[in-house]
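Participant: Dropping in target-v2.txt, with compact mmCIF, C-alpha atoms and all ligand atoms.
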```
# COMPACT_ATOMS: atom_id res chain seq x y z
CA MET A 1 -52.29 -30.24 -16.08
CA THR A 2 -54.83 -28.57 -13.82
CA ILE A 3 -54.59 -28.96 -10.05
CA LEU A 4 -56.39 -27.75 -6.95
CA SER A 5 -55.08 -24.78 -4.98
CA TYR A 6 -56.15 -22.03 -2.60
CA ALA A 7 -55.93 -18.60 -4.19
CA ALA A 8 -56.72 -14.93 -3.62
CA GLN A 9 -58.59 -13.31 -6.51
CA SER A 10 -58.07 -9.72 -5.34
CA ALA A 11 -56.51 -7.72 -2.50
CA THR A 12 -59.78 -7.80 -0.59
CA SER A 13 -61.17 -11.26 -1.36
CA PRO A 14 -60.50 -14.17 1.00
CA LEU A 15 -58.48 -17.11 -0.26
CA ALA A 16 -60.70 -19.83 -1.75
CA PRO A 17 -60.33 -23.04 -3.77
CA LEU A 18 -59.20 -22.60 -7.39
CA GLN A 19 -58.04 -24.90 -10.18
CA ILE A 20 -54.66 -23.73 -11.53
CA PRO A 21 -52.35 -24.98 -14.29
CA ARG A 22 -49.06 -26.73 -13.45
CA ARG A 23 -46.46 -27.05 -16.18
CA ALA A 24 -45.50 -30.47 -17.52
CA PRO A 25 -42.18 -31.67 -16.04
CA ASN A 26 -38.94 -31.52 -18.05
CA ALA A 27 -36.04 -33.98 -17.83
CA ASP A 28 -34.39 -31.96 -15.02
CA ASP A 29 -37.56 -31.52 -12.98
CA VAL A 30 -38.78 -33.03 -9.74
CA VAL A 31 -42.54 -33.44 -9.25
CA ILE A 32 -43.39 -32.99 -5.57
CA ASP A 33 -46.60 -33.84 -3.73
CA ILE A 34 -47.00 -31.07 -1.15
CA LEU A 35 -47.48 -32.35 2.41
CA TYR A 36 -47.04 -29.15 4.46
CA CYS A 37 -46.74 -25.46 3.65
CA GLY A 38 -45.74 -22.77 6.13
CA VAL A 39 -47.56 -19.43 6.24
CA CYS A 40 -45.15 -16.51 5.91
CA HIS A 41 -46.09 -12.87 6.48
CA SER A 42 -44.95 -12.39 2.86
CA ASP A 43 -47.91 -14.58 1.78
CA LEU A 44 -50.22 -12.09 3.46
CA HIS A 45 -48.38 -9.06 2.01
CA THR A 46 -48.73 -10.60 -1.46
CA ALA A 47 -52.34 -11.77 -1.15
CA ARG A 48 -53.30 -8.23 -0.08
CA ASN A 49 -51.09 -6.47 -2.64
CA ASP A 50 -49.10 -4.59 0.02
CA TRP A 51 -46.12 -4.47 -2.38
CA LYS A 52 -48.26 -3.35 -5.37
CA ASN A 53 -46.98 -6.17 -7.58
CA THR A 54 -49.51 -8.95 -7.12
CA ILE A 55 -50.79 -10.78 -10.20
CA TYR A 56 -54.24 -12.24 -9.48
CA PRO A 57 -55.21 -14.94 -8.94
CA VAL A 58 -52.27 -15.58 -6.60
CA VAL A 59 -51.47 -18.86 -4.85
CA PRO A 60 -49.08 -18.08 -1.95
CA GLY A 61 -46.81 -20.50 -0.10
CA HIS A 62 -43.02 -20.76 -0.16
CA GLU A 63 -42.24 -22.97 2.82
CA ILE A 64 -42.94 -26.28 1.14
CA ILE A 65 -42.27 -29.77 2.44
CA GLY A 66 -43.25 -32.58 0.14
CA ARG A 67 -42.63 -36.08 -1.07
CA VAL A 68 -41.14 -36.71 -4.50
CA ARG A 69 -43.75 -38.21 -6.80
CA SER A 70 -41.51 -38.61 -9.84
CA VAL A 71 -38.26 -37.32 -11.34
CA GLY A 72 -37.18 -36.49 -14.89
CA ALA A 73 -34.65 -38.61 -16.77
CA SER A 74 -31.64 -36.39 -15.97
CA VAL A 75 -32.37 -35.96 -12.24
CA THR A 76 -29.66 -37.62 -10.12
CA ARG A 77 -30.07 -36.31 -6.56
CA PHE A 78 -33.66 -37.33 -5.88
CA LYS A 79 -35.94 -40.33 -6.32
CA ALA A 80 -39.64 -41.02 -5.80
CA GLY A 81 -40.54 -41.15 -2.10
CA ASP A 82 -37.80 -38.74 -0.86
CA HIS A 83 -38.84 -35.98 1.53
CA VAL A 84 -37.76 -32.63 0.11
CA GLY A 85 -38.15 -28.91 0.61
CA VAL A 86 -38.78 -25.97 -1.71
CA GLY A 87 -38.32 -22.41 -0.51
CA CYS A 88 -38.81 -18.96 -2.01
CA MET A 89 -37.06 -19.57 -5.35
CA VAL A 90 -37.70 -22.14 -8.06
CA ASP A 91 -35.11 -20.96 -10.62
CA SER A 92 -32.59 -18.24 -11.52
CA CYS A 93 -30.48 -17.37 -14.58
CA GLN A 94 -27.70 -19.65 -13.24
CA HIS A 95 -24.90 -17.82 -15.08
CA CYS A 96 -24.55 -14.31 -13.59
CA ALA A 97 -21.89 -13.51 -10.98
CA ALA A 98 -24.35 -13.83 -8.09
CA CYS A 99 -25.64 -17.21 -9.27
CA ASN A 100 -22.07 -18.42 -9.77
CA ASP A 101 -21.34 -17.42 -6.17
CA GLY A 102 -24.31 -19.39 -4.85
CA LEU A 103 -26.26 -16.19 -4.23
CA GLU A 104 -29.20 -17.03 -6.48
CA GLN A 105 -31.42 -14.71 -4.42
CA TYR A 106 -29.40 -11.79 -5.82
CA CYS A 107 -29.49 -13.08 -9.44
CA ALA A 108 -28.88 -10.20 -11.89
CA GLN A 109 -32.16 -11.10 -13.63
CA PHE A 110 -33.89 -11.61 -10.27
CA PRO A 111 -34.60 -15.23 -9.39
CA THR A 112 -37.86 -16.89 -10.37
CA VAL A 113 -39.73 -16.84 -7.10
CA THR A 114 -42.09 -19.58 -6.03
CA TYR A 115 -45.28 -17.60 -6.45
CA ASN A 116 -46.43 -14.39 -8.15
CA ASP A 117 -43.51 -14.45 -10.60
CA PRO A 118 -44.19 -13.40 -14.21
CA HIS A 119 -40.77 -14.57 -15.61
CA GLY A 120 -42.13 -17.42 -17.71
CA GLY A 121 -45.34 -15.78 -19.01
CA GLU A 122 -47.72 -17.80 -16.85
CA PRO A 123 -47.18 -16.66 -13.23
CA THR A 124 -45.74 -19.13 -10.75
CA TYR A 125 -48.12 -20.60 -8.20
CA GLY A 126 -46.97 -21.47 -4.70
CA GLY A 127 -47.38 -24.16 -2.10
CA TYR A 128 -51.04 -23.78 -1.13
CA SER A 129 -51.65 -26.44 -3.79
CA GLU A 130 -51.52 -30.17 -4.47
CA HIS A 131 -48.13 -30.42 -6.09
CA ILE A 132 -45.32 -28.42 -7.61
CA VAL A 133 -42.80 -28.97 -10.41
CA VAL A 134 -39.30 -27.66 -9.65
CA THR A 135 -35.95 -27.95 -11.40
CA GLU A 136 -33.63 -30.27 -9.45
CA LYS A 137 -31.13 -27.52 -8.53
CA PHE A 138 -33.75 -25.65 -6.49
CA VAL A 139 -34.98 -28.69 -4.55
CA LEU A 140 -33.55 -29.16 -1.03
CA LYS A 141 -32.82 -32.41 0.74
CA LEU A 142 -34.53 -32.74 4.10
CA PRO A 143 -32.32 -34.32 6.76
CA ALA A 144 -33.81 -37.38 8.46
CA GLY A 145 -35.27 -36.94 11.91
CA LEU A 146 -36.88 -33.51 11.52
CA ASP A 147 -40.64 -33.28 12.01
CA LEU A 148 -42.06 -32.60 8.55
CA ALA A 149 -44.56 -29.91 9.55
CA ALA A 150 -42.14 -28.14 11.89
CA ALA A 151 -39.39 -28.17 9.26
CA ALA A 152 -41.45 -26.26 6.67
CA PRO A 153 -40.66 -22.78 8.08
CA LEU A 154 -36.93 -23.43 7.76
CA LEU A 155 -37.38 -22.89 4.00
CA CYS A 156 -38.10 -19.16 4.44
CA ALA A 157 -38.18 -17.97 8.06
CA GLY A 158 -35.14 -20.10 8.79
CA ILE A 159 -32.95 -19.21 5.83
CA THR A 160 -33.87 -15.50 5.96
CA THR A 161 -32.36 -15.24 9.44
CA TRP A 162 -29.57 -17.80 8.89
CA SER A 163 -28.13 -15.91 5.93
CA PRO A 164 -27.40 -12.66 7.83
CA LEU A 165 -26.13 -14.62 10.84
CA ARG A 166 -23.61 -16.33 8.54
CA HIS A 167 -22.81 -13.24 6.44
CA TRP A 168 -21.96 -11.21 9.56
CA GLN A 169 -20.04 -14.22 10.92
CA VAL A 170 -21.97 -14.71 14.11
CA GLY A 171 -20.30 -17.24 16.37
CA LYS A 172 -19.32 -17.91 19.92
CA GLY A 173 -19.52 -14.72 21.96
CA SER A 174 -21.23 -12.58 19.28
CA ARG A 175 -23.90 -10.32 20.74
CA VAL A 176 -27.02 -10.60 18.60
CA ALA A 177 -30.38 -8.85 19.03
CA VAL A 178 -33.53 -9.91 17.22
CA VAL A 179 -36.34 -7.39 16.80
CA GLY A 180 -39.84 -8.96 16.71
CA LEU A 181 -40.80 -12.41 17.93
CA GLY A 182 -42.81 -13.84 15.07
CA GLY A 183 -42.01 -16.47 12.46
CA LEU A 184 -38.62 -15.05 11.45
CA GLY A 185 -37.78 -13.87 14.95
CA HIS A 186 -38.29 -17.22 16.64
CA MET A 187 -36.00 -18.90 14.12
CA ALA A 188 -33.39 -16.15 14.57
CA LEU A 189 -33.29 -16.68 18.34
CA GLN A 190 -32.77 -20.43 18.01
CA LEU A 191 -30.18 -20.20 15.23
CA ALA A 192 -28.14 -17.43 16.86
CA LYS A 193 -28.10 -19.37 20.12
CA ALA A 194 -27.01 -22.58 18.39
CA LEU A 195 -24.17 -20.64 16.74
CA GLY A 196 -22.93 -19.68 20.21
CA ALA A 197 -24.13 -16.08 20.37
CA GLU A 198 -25.41 -14.17 23.38
CA VAL A 199 -28.97 -13.44 22.27
CA THR A 200 -31.41 -10.63 23.09
CA LEU A 201 -35.02 -10.31 21.96
CA ILE A 202 -36.30 -6.76 21.44
CA SER A 203 -40.10 -6.91 21.34
CA ARG A 204 -42.97 -4.45 21.50
CA SER A 205 -45.08 -7.15 23.21
CA PRO A 206 -44.96 -7.77 26.95
CA GLY A 207 -45.68 -11.40 27.70
CA LYS A 208 -43.31 -13.07 25.26
CA GLU A 209 -40.52 -13.45 27.81
CA ALA A 210 -40.97 -17.13 28.72
CA ASP A 211 -41.19 -18.19 25.07
CA ALA A 212 -38.22 -16.06 24.12
CA ARG A 213 -36.09 -17.64 26.85
CA ARG A 214 -37.15 -21.13 25.82
CA LEU A 215 -36.16 -20.28 22.23
CA GLY A 216 -32.70 -19.15 23.31
CA ALA A 217 -32.91 -15.51 24.39
CA ASP A 218 -30.62 -14.58 27.28
CA ARG A 219 -32.33 -11.21 27.72
CA ILE A 220 -35.59 -9.53 26.68
CA VAL A 221 -35.92 -5.79 26.05
CA LEU A 222 -39.28 -4.08 25.64
CA SER A 223 -38.83 -1.67 22.74
CA THR A 224 -41.51 0.65 24.12
CA ALA A 225 -39.61 1.14 27.42
CA ALA A 226 -36.98 3.87 26.92
CA ASP A 227 -35.13 2.85 30.08
CA GLN A 228 -34.77 -0.74 28.87
CA MET A 229 -33.50 0.45 25.48
CA ALA A 230 -31.03 2.81 27.21
CA ALA A 231 -29.74 -0.07 29.33
CA VAL A 232 -28.51 -1.89 26.20
CA ALA A 233 -26.68 1.08 24.62
CA GLY A 234 -23.65 -0.04 22.60
CA GLN A 235 -24.36 -3.72 23.27
CA PHE A 236 -24.99 -5.46 19.96
CA ASP A 237 -22.70 -6.66 17.16
CA LEU A 238 -25.68 -7.48 14.93
CA ILE A 239 -29.37 -6.64 15.10
CA ILE A 240 -31.77 -8.59 12.88
CA ASP A 241 -34.96 -6.56 12.48
CA THR A 242 -37.95 -8.67 11.39
CA VAL A 243 -40.75 -6.10 11.84
CA PRO A 244 -43.02 -6.22 8.76
CA TYR A 245 -44.18 -2.59 8.67
CA ALA A 246 -42.62 0.89 8.70
CA HIS A 247 -41.21 1.71 12.11
CA ASP A 248 -38.71 4.09 13.68
CA LEU A 249 -35.19 2.64 13.43
CA ASN A 250 -33.54 5.55 15.24
CA PRO A 251 -34.03 4.15 18.77
CA TYR A 252 -32.19 0.97 17.75
CA LEU A 253 -28.99 2.58 16.44
CA PRO A 254 -27.63 3.54 19.89
CA THR A 255 -27.87 -0.13 20.92
CA LEU A 256 -25.30 -1.14 18.26
CA ALA A 257 -21.63 -1.38 19.17
CA VAL A 258 -19.11 0.71 17.21
CA GLY A 259 -18.88 -0.65 13.66
CA ALA A 260 -21.90 -2.92 14.09
CA THR A 261 -24.84 -3.52 11.75
CA LEU A 262 -28.61 -3.48 11.93
CA VAL A 263 -29.93 -5.67 9.12
CA LEU A 264 -33.50 -5.26 7.95
CA VAL A 265 -35.20 -8.42 6.76
CA GLY A 266 -38.81 -7.49 7.48
CA TYR A 267 -39.84 -4.15 6.05
CA LEU A 268 -39.62 -3.13 2.37
CA GLY A 269 -40.10 0.54 1.60
CA GLU A 270 -39.35 4.05 2.76
CA LEU A 271 -38.47 4.60 6.39
CA ASP A 272 -40.86 6.77 8.33
CA PRO A 273 -39.58 8.60 10.29
CA ALA A 274 -36.40 9.02 8.25
CA LEU A 275 -33.11 7.60 9.46
CA ASN A 276 -30.88 10.09 11.25
CA THR A 277 -27.36 9.34 10.00
CA THR A 278 -25.53 10.92 12.92
CA ALA A 279 -25.26 7.74 15.00
CA MET A 280 -24.07 5.85 11.90
CA VAL A 281 -21.39 8.37 10.91
CA LEU A 282 -20.04 9.00 14.40
CA GLN A 283 -19.61 5.29 15.18
CA ARG A 284 -19.29 3.62 11.75
CA LYS A 285 -22.60 1.84 12.19
CA SER A 286 -24.45 0.28 9.26
CA VAL A 287 -28.07 -0.26 8.34
CA ALA A 288 -28.30 -3.09 5.82
CA GLY A 289 -30.83 -5.39 4.18
CA SER A 290 -30.85 -9.09 3.38
CA LEU A 291 -33.01 -11.31 1.18
CA ILE A 292 -33.65 -15.01 2.00
CA GLY A 293 -30.48 -17.03 1.18
CA GLY A 294 -28.87 -19.03 -1.64
CA ILE A 295 -29.62 -22.66 -2.40
CA ALA A 296 -26.34 -24.04 -1.01
CA GLU A 297 -26.78 -21.87 2.09
CA THR A 298 -30.33 -23.20 2.52
CA GLN A 299 -29.03 -26.77 2.36
CA GLU A 300 -26.36 -25.80 4.90
CA LEU A 301 -29.11 -24.48 7.20
CA LEU A 302 -31.23 -27.63 6.83
CA ASP A 303 -28.23 -29.81 7.64
CA PHE A 304 -27.37 -27.59 10.64
CA CYS A 305 -30.97 -27.89 11.88
CA GLY A 306 -30.82 -31.66 11.38
CA GLN A 307 -27.65 -31.83 13.50
CA HIS A 308 -28.96 -29.55 16.24
CA GLY A 309 -32.60 -30.69 16.22
CA ILE A 310 -33.87 -27.20 15.40
CA THR A 311 -37.34 -26.71 13.93
CA SER A 312 -40.11 -24.16 14.12
CA ASP A 313 -42.80 -23.87 16.82
CA VAL A 314 -45.82 -24.54 14.66
CA GLU A 315 -49.58 -24.46 14.86
CA VAL A 316 -50.81 -26.85 12.20
CA ILE A 317 -53.97 -25.65 10.48
CA ARG A 318 -56.28 -26.78 7.69
CA ILE A 319 -56.21 -24.83 4.44
CA GLN A 320 -59.84 -23.89 5.12
CA ASP A 321 -58.56 -21.88 8.13
CA ILE A 322 -56.08 -19.78 6.16
CA ASN A 323 -58.09 -16.54 6.17
CA ALA A 324 -58.53 -16.66 9.95
CA ALA A 325 -54.80 -17.40 10.24
CA TYR A 326 -53.96 -14.23 8.28
CA GLU A 327 -56.09 -12.15 10.66
CA ARG A 328 -54.35 -13.70 13.65
CA MET A 329 -50.95 -13.03 12.07
CA LEU A 330 -51.86 -9.34 11.78
CA LYS A 331 -52.47 -9.33 15.54
CA SER A 332 -49.14 -11.12 16.23
CA ASP A 333 -51.26 -14.00 17.53
CA VAL A 334 -49.06 -16.79 16.17
CA LYS A 335 -46.86 -19.12 18.16
CA TYR A 336 -44.82 -18.94 16.06
CA ARG A 337 -45.67 -20.17 12.59
CA PHE A 338 -48.84 -21.49 11.03
CA VAL A 339 -48.21 -24.53 8.86
CA ILE A 340 -50.93 -25.90 6.60
CA ASP A 341 -51.49 -29.64 6.55
CA MET A 342 -52.06 -29.91 2.81
CA ALA A 343 -54.03 -33.16 3.16
CA SER A 344 -56.89 -30.80 4.08
CA LEU A 345 -56.89 -29.43 0.53
CA ARG A 346 -58.05 -32.74 -0.85
CA ALA A 347 -61.07 -32.54 1.50
CA THR A 348 -62.00 -29.35 -0.42
CA GLY A 349 -61.92 -30.99 -3.83
P1 LIG B 1 -44.74 -12.35 11.74
O1 LIG B 1 -44.72 -13.80 12.11
O2 LIG B 1 -46.04 -11.66 11.57
O3 LIG B 1 -43.84 -11.61 12.86
C1 LIG B 1 -43.59 -10.23 12.83
C2 LIG B 1 -43.28 -9.74 14.25
O4 LIG B 1 -42.91 -8.36 14.16
C3 LIG B 1 -44.47 -9.77 15.19
O5 LIG B 1 -44.62 -11.00 15.85
C4 LIG B 1 -44.15 -8.66 16.17
O6 LIG B 1 -43.27 -9.16 17.17
C5 LIG B 1 -43.33 -7.68 15.35
N1 LIG B 1 -44.06 -6.46 15.00
C6 LIG B 1 -43.69 -5.23 15.36
N2 LIG B 1 -44.50 -4.30 14.86
C7 LIG B 1 -45.45 -4.94 14.18
C8 LIG B 1 -46.61 -4.51 13.47
N3 LIG B 1 -46.95 -3.24 13.33
N4 LIG B 1 -47.41 -5.48 12.93
C9 LIG B 1 -47.11 -6.78 13.05
N5 LIG B 1 -45.99 -7.23 13.72
C10 LIG B 1 -45.18 -6.32 14.28
O7 LIG B 1 -43.97 -12.10 10.38
P2 LIG B 1 -42.79 -12.99 9.70
O8 LIG B 1 -43.39 -14.08 8.88
O9 LIG B 1 -41.77 -13.26 10.72
O10 LIG B 1 -42.24 -11.95 8.64
C11 LIG B 1 -41.64 -10.73 9.08
C12 LIG B 1 -41.37 -9.86 7.87
O11 LIG B 1 -40.29 -10.42 7.13
C13 LIG B 1 -42.52 -9.74 6.86
O12 LIG B 1 -42.61 -8.40 6.41
C14 LIG B 1 -42.12 -10.64 5.72
O13 LIG B 1 -42.67 -10.25 4.49
C15 LIG B 1 -40.62 -10.43 5.74
N6 LIG B 1 -39.82 -11.48 5.11
C16 LIG B 1 -38.67 -11.10 4.50
C17 LIG B 1 -37.85 -12.03 3.94
C18 LIG B 1 -36.55 -11.62 3.32
O14 LIG B 1 -36.01 -12.37 2.52
N7 LIG B 1 -36.00 -10.49 3.68
C19 LIG B 1 -38.21 -13.38 3.95
C20 LIG B 1 -39.38 -13.74 4.61
C21 LIG B 1 -40.19 -12.79 5.19
P3 LIG B 1 -43.30 -8.57 18.66
O15 LIG B 1 -44.70 -8.75 19.13
O16 LIG B 1 -42.31 -9.44 19.37
O17 LIG B 1 -42.85 -7.14 18.60
ZN ZN B 2 -41.44 -16.11 3.46
```
Show the structure stored in the file as structure tokens.

Facilitator:
Amino acid sequence: MTILSYAAQSATSPLAPLQIPRRAPNADDVVIDILYCGVCHSDLHTARNDWKNTIYPVVPGHEIIGRVRSVGASVTRFKAGDHVGVGCMVDSCQHCAACNDGLEQYCAQFPTVTYNDPHGGEPTYGGYSEHIVVTEKFVLKLPAGLDLAAAAPLLCAGITTWSPLRHWQVGKGSRVAVVGLGGLGHMALQLAKALGAEVTLISRSPGKEADARRLGADRIVLSTAADQMAAVAGQFDLIIDTVPYAHDLNPYLPTLAVGATLVLVGYLGELDPALNTTAMVLQRKSVAGSLIGGIAETQELLDFCGQHGITSDVEVIRIQDINAAYERMLKSDVKYRFVIDMASLRATG
């Protein structure tokens, strides 16, 4: 079947309408009409080939909220009309140790990701499209009561910050810092606060203070002000760093408590300047990384957000505005996630 999407044809061409193939559903598949799709900085990295692995044409989008159109004969958990979510993965090997532990994101064969994945021959195409076909196990139930557009970013920005908060056992009294107030950062503030943590935003941008406080920050530190960074020496049990590009981690290490961890979720690649290990060795500090979250953990997050009424601050856009949205994202001019109303795609066709 051929469907309408928005795709990038090269690292320098703007996204534009394109017909793409969608596979025919199997017995264990759910066919989902896409209602909303969040815009993650990873979409931009991929469209512009920042990670040197993009297969063109590429259809980004891995924060998908949709309505079930139909289900295969063996599907038991969903029926036509249900509101569902699809995040960054659409499959995995489902038999390695990681998959057996519910850590599909660390699948030994690497999970099949929602777009730009060559696993099955034909690359996967993401959520900037009319519909998607996903095996039941990778479809998430959306709790009732959450705004559909504002829930979309939970599927990536939400789970990517939830997973380290849970892994490092953040709870009442934990001291958590979040570096960067963008899509991931604004979810991290809300989730850490709801888990009972004392929360600090570390930002390079003056002027985000009021928003940060509204989202749950107890304190704001300007990363460019050495005196403000010095004032939080030894303060944090966990730092979640969401900055998308290479940056100097060394000023952050002194702000960790003894034995604490800075977890990178934003930047992939070599550190520049290099990491000085002295602060780590002398005080058993760690620098770690974390990738999205498993399927069960994503369902846990959605249920938690349903219980606590947590969603994303979104600016709903039309698909025709996606290229302008990317430019604004590069200037950190997003409060705090663009979400595409996919009804606009049909206006294109
Ligand atoms: P975003 O909305 O663009 O937010 C990034 C924030 O980082 C900005 O708002 C800004 O906050 C800060 N920042 C600092 N230096 C920057 C610079 N040179 N350019 C732009 N922003 C800078 O991005 P996002 O969607 O949250 O994604 C953040 C990163 O996480 C991306 O690299 C994305 O690919 C990655 N990601 C990783 C995973 C994973 O599984 N690990 C999952 C999803 C996304 P301040 O103004 O407050 O400093
Ligand atoms: Zn993402």

Participant: Mind working out the centre and edge lengths of an axis-aligned box for range 242-248 of chain A, all listed atoms inside, 4 Å added to each side, rounded to one decimal in Å and written as JSON?

Facilitator:
```
{"center_x": -41.1, "center_y": -2.3, "center_z": 11.2, "size_x": 14.2, "size_y": 20.8, "size_z": 13.0}
```

Participant: Using all atoms listed in the file, find the one residue out of A:Ser290, A:Thr348, A:Gln299, A:Thr46 that sits nearest to ligand LIG 1 (chain B).

Facilitator: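 Under the stated criterion, the closest residue is A:Ser290.
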
Participant: Compute the set of protein, DNA and RNA residues whose minimum atom distance to ligand LIG 1 (chain B) is at most 6 Å, using only C-alpha atoms and all ligand atoms, and state it as JSON, numbers by chain.

Facilitator: {"A": [40, 41, 42, 156, 157, 160, 180, 181, 182, 183, 184, 185, 203, 204, 205, 242, 243, 244, 245, 265, 266, 267, 290, 291, 292, 329, 330, 332]}

Participant: Have a look at A:Ala226, A:Val281, A:Cys93, A:Arg337 and name the one nearest to ligand ZN 2 (chain B); count only C-alpha atoms and all ligand atoms.

Facilitator: A:Arg337

Participant: Just checking: using all atoms listed in the file, which residue out of A:Gly127, A:Gly81, A:Pro153, A:Gly259 ends up closest to ligand ZN 2 (chain B)?

Facilitator: A:Pro153

Participant: For Ala246 in chain A, which residue among A:Asp29, A:Asp117, A:Glu297, A:Glu270 is the nearest when counting all atoms listed in the file?

Facilitator: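 Among A:Asp29, A:Asp117, A:Glu297, A:Glu270, it is A:Glu270 that comes nearest to Ala246 in chain A.
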
Participant: So how many Å separate CA of Thr255 in chain A and CA of Leu275 in chain A, to one decimal?

Facilitator: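 That distance, rounded to one decimal, is 14.8 Å.
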
Participant: Using only C-alpha atoms and all ligand atoms, which of A:Thr224, A:Thr114, A:Ser70, A:Gln320 sits nearest ligand ZN 2 (chain B)?

Facilitator: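 Checking each of A:Thr224, A:Thr114, A:Ser70, A:Gln320 against ligand ZN 2 (chain B), counting only C-alpha atoms and all ligand atoms, the winner is A:Thr114.
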
Participant: To one decimal place in Å, what is the distance between CA of Asp82 in chain A and CA of Asp33 in chain A?

Facilitator: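 We find that CA of Asp82 in chain A and CA of Asp33 in chain A lie 10.5 Å from each other.
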
Participant: In Å to one decimal, how far is CA of Arg318 in chain A from CA of Val58 in chain A?

Facilitator: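 Computing it gives 18.6 Å between the two atoms.
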
Participant: Determine the nearest neighbour of ligand ZN 2 (chain B) from the options A:Ala7, A:Val86, A:Val31, A:Val170, counting all atoms listed in the file.

Facilitator: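 Smallest distance to ligand ZN 2 (chain B) is found for A:Val86.
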
Participant: Within 12 Å of (-35.8, -18.5, 15.0) (file coordinates; all atoms listed in the file), which protein or nucleic acid residues are there? I'd like them as a ChimeraX atom specification.

Facilitator: /A:150-151,153-162,165,177-195,199,201,211-217,240,242,301,305,310-314,335-337

Participant: Would you mind exporting C-alpha atoms of the selected residues as a CSV table (one decimal), in the frame of the given file?

Facilitator:
```csv
chain,number,residue,atom,x,y,z
A,150,ALA,CA,-42.1,-28.1,11.9
A,151,ALA,CA,-39.4,-28.2,9.3
A,153,PRO,CA,-40.7,-22.8,8.1
A,154,LEU,CA,-36.9,-23.4,7.8
A,155,LEU,CA,-37.4,-22.9,4.0
A,156,CYS,CA,-38.1,-19.2,4.4
A,157,ALA,CA,-38.2,-18.0,8.1
A,158,GLY,CA,-35.1,-20.1,8.8
A,159,ILE,CA,-33.0,-19.2,5.8
A,160,THR,CA,-33.9,-15.5,6.0
A,161,THR,CA,-32.4,-15.2,9.4
A,162,TRP,CA,-29.6,-17.8,8.9
A,165,LEU,CA,-26.1,-14.6,10.8
A,177,ALA,CA,-30.4,-8.8,19.0
A,178,VAL,CA,-33.5,-9.9,17.2
A,179,VAL,CA,-36.3,-7.4,16.8
A,180,GLY,CA,-39.8,-9.0,16.7
A,181,LEU,CA,-40.8,-12.4,17.9
A,182,GLY,CA,-42.8,-13.8,15.1
A,183,GLY,CA,-42.0,-16.5,12.5
A,184,LEU,CA,-38.6,-15.0,11.4
A,185,GLY,CA,-37.8,-13.9,15.0
A,186,HIS,CA,-38.3,-17.2,16.6
A,187,MET,CA,-36.0,-18.9,14.1
A,188,ALA,CA,-33.4,-16.2,14.6
A,189,LEU,CA,-33.3,-16.7,18.3
A,190,GLN,CA,-32.8,-20.4,18.0
A,191,LEU,CA,-30.2,-20.2,15.2
A,192,ALA,CA,-28.1,-17.4,16.9
A,193,LYS,CA,-28.1,-19.4,20.1
A,194,ALA,CA,-27.0,-22.6,18.4
A,195,LEU,CA,-24.2,-20.6,16.7
A,199,VAL,CA,-29.0,-13.4,22.3
A,201,LEU,CA,-35.0,-10.3,22.0
A,211,ASP,CA,-41.2,-18.2,25.1
A,212,ALA,CA,-38.2,-16.1,24.1
A,213,ARG,CA,-36.1,-17.6,26.8
A,214,ARG,CA,-37.2,-21.1,25.8
A,215,LEU,CA,-36.2,-20.3,22.2
A,216,GLY,CA,-32.7,-19.2,23.3
A,217,ALA,CA,-32.9,-15.5,24.4
A,240,ILE,CA,-31.8,-8.6,12.9
A,242,THR,CA,-38.0,-8.7,11.4
A,301,LEU,CA,-29.1,-24.5,7.2
A,305,CYS,CA,-31.0,-27.9,11.9
A,310,ILE,CA,-33.9,-27.2,15.4
A,311,THR,CA,-37.3,-26.7,13.9
A,312,SER,CA,-40.1,-24.2,14.1
A,313,ASP,CA,-42.8,-23.9,16.8
A,314,VAL,CA,-45.8,-24.5,14.7
A,335,LYS,CA,-46.9,-19.1,18.2
A,336,TYR,CA,-44.8,-18.9,16.1
A,337,ARG,CA,-45.7,-20.2,12.6
```
